[in-house]
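What follows is a single structure, written as structure tokens, with notes after it.
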Amino acid sequence: MKSYIVGNWKMNFTVGESSVYLHKLSARIHAYRDIEVVVAPSLVALQPLSLQIDRKKLRLAAQTANPRDFGAYTGEVSAAQLRGIVDYCIIGHSERRQLFHESDKFIRAAVAATLRNQIKPILCVGETETERTFGETFDVLRDQVLGGLSEVSAEELEKVIIAYEPVWAISTTSGASMASPDDIAEAVKFIRRIIADAYGKEISKSIAVLYGGSVNPDNAGAYLTIPGVNGLLVGGASLIADQFVDIIETAKKVKS
Ligand code: 13P
């Protein structure tokens, strides 16, 4: 199975900076048959970058999308409008859920809207620190995975990528709040099990599940070798070319 290295730039870089960074990145990586390198720049940069990008090396993702196609939704951008510009779209990132109140209903509809518009959704799931403390991790994962996928047919499921991002492990430099490979292995196994129960064993084995949360060049190798993990969703380290390239090269080594 392919591995995915996805850089979520969040609200960083101007359009000009995004273009320069992408150019630099592109010059430093190769076209890999078994690794899909994806970057998710901010919305304003997507269209110009889509004209610049070498699709053999890199693909673009949006960071969210509105599930309605068109209409009176001031400030929003829909999956229908992103069609042809991006190949992927991050849906349900914890920052979208928490800071911008994206509901389960919104996320479920956004997953369906991206698929309808030939865009592969990267559905983010993960428990908060409080939920973890109260032993609710598996309940949260079950609700978010099954909720997010509830409008997806078994045939469409192979186009979906799931990203497990424990909220407590995002953007941390403290070793104590880094997710351990055991934590991640257990969560990813559980995610595959609920998909197996809902959609069958076959698809639960072939669906890509990524890990995200404070990934850096030093821990990427350990995270990439966790059974059941097919790639990484990288925040902070994806903004530094040396680090992101390092992570991609680690993925290449792990593959070979
Ligand atoms: P960090 O890698 O900065 O922890 O961000 C993770 C993330 O939220 C990626 O979507």
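Quick note on naming: the chains in the structure tokens go A, B, ... in the order shown, residues restart at 1 in each chain, and ligands are numbered from 1 in order of appearance.
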**OP:** Using DSSP on the backbone, list every residue of region 6-238 of chain A that comes out as strand (DSSP E or B), and give them as an MDAnalysis selection string.
**Re:** chainID A and resid 6:8 35:40 58:62 66 78 83 86 88:91 120:125 161:164 208:212 231:234
Region 241-254 of chain A environment, 7 Å, only C-alpha atoms, sequence neighbours closer than 5 positions dropped, as an mmCIF file with N, CA and C atoms, in the first residue's frame:
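Just written: around_37.cif:
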data_model
loop_
_atom_site.group_PDB
_atom_site.id
_atom_site.type_symbol
_atom_site.label_atom_id
_atom_site.label_comp_id
_atom_site.auth_asym_id
_atom_site.auth_seq_id
_atom_site.Cartn_x
_atom_site.Cartn_y
_atom_site.Cartn_z
ATOM 1 N N ILE A 5 2.548 11.194 3.043
ATOM 2 C CA ILE A 5 3.138 12.209 3.913
ATOM 3 C C ILE A 5 2.418 13.513 3.568
ATOM 4 N N LEU A 25 10.666 22.899 -2.210
ATOM 5 C CA LEU A 25 10.342 21.515 -1.827
ATOM 6 C C LEU A 25 10.402 20.598 -3.045
ATOM 7 N N ASN A 216 7.985 14.835 13.836
ATOM 8 C CA ASN A 216 9.196 15.560 13.433
ATOM 9 C C ASN A 216 10.186 14.545 12.864
ATOM 10 N N PRO A 217 11.306 15.023 12.331
ATOM 11 C CA PRO A 217 12.242 14.080 11.715
ATOM 12 C C PRO A 217 12.758 13.008 12.692
ATOM 13 N N ALA A 220 9.594 10.428 13.238
ATOM 14 C CA ALA A 220 8.838 9.958 12.064
ATOM 15 C C ALA A 220 9.053 8.467 11.806
ATOM 16 N N GLY A 221 10.304 8.020 11.949
ATOM 17 C CA GLY A 221 10.617 6.614 11.672
ATOM 18 C C GLY A 221 9.843 5.691 12.601
ATOM 19 N N LEU A 224 6.161 5.742 11.657
ATOM 20 C CA LEU A 224 5.869 5.095 10.361
ATOM 21 C C LEU A 224 5.965 3.575 10.413
#
Original post:
Given a cut-off of 6 Å, what residues near ligand 1 show up using only C-alpha atoms and all ligand atoms, put as a PyMOL selection string?
Top reply: chain A and resi 8+170-171+212-215+233-236
Original post:
What is the distance between CA of Tyr88 (chain A) and CA of Asp218 (chain A), in Å to one decimal?
Top reply: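 Computed distance, CA of Tyr88 (chain A) to CA of Asp218 (chain A), equals 26.5 Å.
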Subject >> A:Leu146, A:Met1, A:Met11, A:Ala62 ranked by distance to Glu36 (chain A), top pick (using only C-alpha atoms) >> reply: A:Met1
Subject >> Spatial neighbours of Asp139 (chain A), max dist 12 Å, only C-alpha atoms, sep filter under 3 positions, as JSON, numbers by chain >> reply: {"A": [125, 126, 127, 128, 131, 132, 134, 135, 136, 142, 143, 144, 145, 146, 147, 187, 190, 191, 194]}
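Those residues that approach region 113-124 of chain A to within 7 Å, counting only C-alpha atoms, are Pro67, Ala79, Ala80, Arg83, Val86, Asp87, Tyr88, Cys89, Ile90, Ile91, Gly92, His93, Ala109, Lys159, Val160, Ile161, Ile162, Ala163, Tyr164 and Glu165 of chain A; same-chain residues fewer than 4 positions away are not listed.
Distances here use only C-alpha atoms; by that measure, the residue among A:Leu157, A:Val229, A:Leu149, A:Asp69 closest to Ile107 (chain A) is A:Leu149.
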Subject >> Residue nearest Ile85 (chain A) among A:Ser204, A:Asn219, A:Thr173, A:Gln47 (counting only C-alpha atoms) >> reply: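 When distances to Ile85 (chain A) are compared using only C-alpha atoms, the smallest one comes from A:Gln47.
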**OP:** List every residue of region 65-115 of chain A that DSSP, applied to the backbone of this structure, places in alpha helix (DSSP H), and write the result as an MDAnalysis selection string.
**Re:** chainID A and resid 79:82 94:99 104:115
Original post:
Interatomic distance between CA of Arg68 (chain A) and CA of Glu155 (chain A)?
Top reply: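 Going from CA of Arg68 (chain A) over to CA of Glu155 (chain A), I get 22.2 Å.
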Subject >> Counting only C-alpha atoms, the residue of A:Ala196, A:Gly16, A:Glu202, A:Asp104 that sits nearest Val140 (chain A) >> reply: A:Asp104
Original post:
For Leu43 (chain A), which of A:His23, A:Lys10, A:Lys56, A:Lys205 is the closest residue, counting only C-alpha atoms?
Top reply: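 Counting only C-alpha atoms, the residue closest to Leu43 (chain A) is A:Lys10.
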Original post:
Pick the closest to Ser150 (chain A) from A:Val188, A:Ala27, A:Ala110, A:Ala169: which is it, counting only C-alpha atoms?
Top reply: A:Ala110
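For the atom pair formed by CA of Asn12 (chain A) and CA of Phe100 (chain A), the distance is 17.3 Å, given to one decimal.
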Original post:
If you count only C-alpha atoms, which residues fall within 9 Å of Ser50 (chain A), apart from same-chain ones fewer than 5 positions away, as a PyMOL selection string?
Top reply: chain A and resi 45+55+59-60+84-86
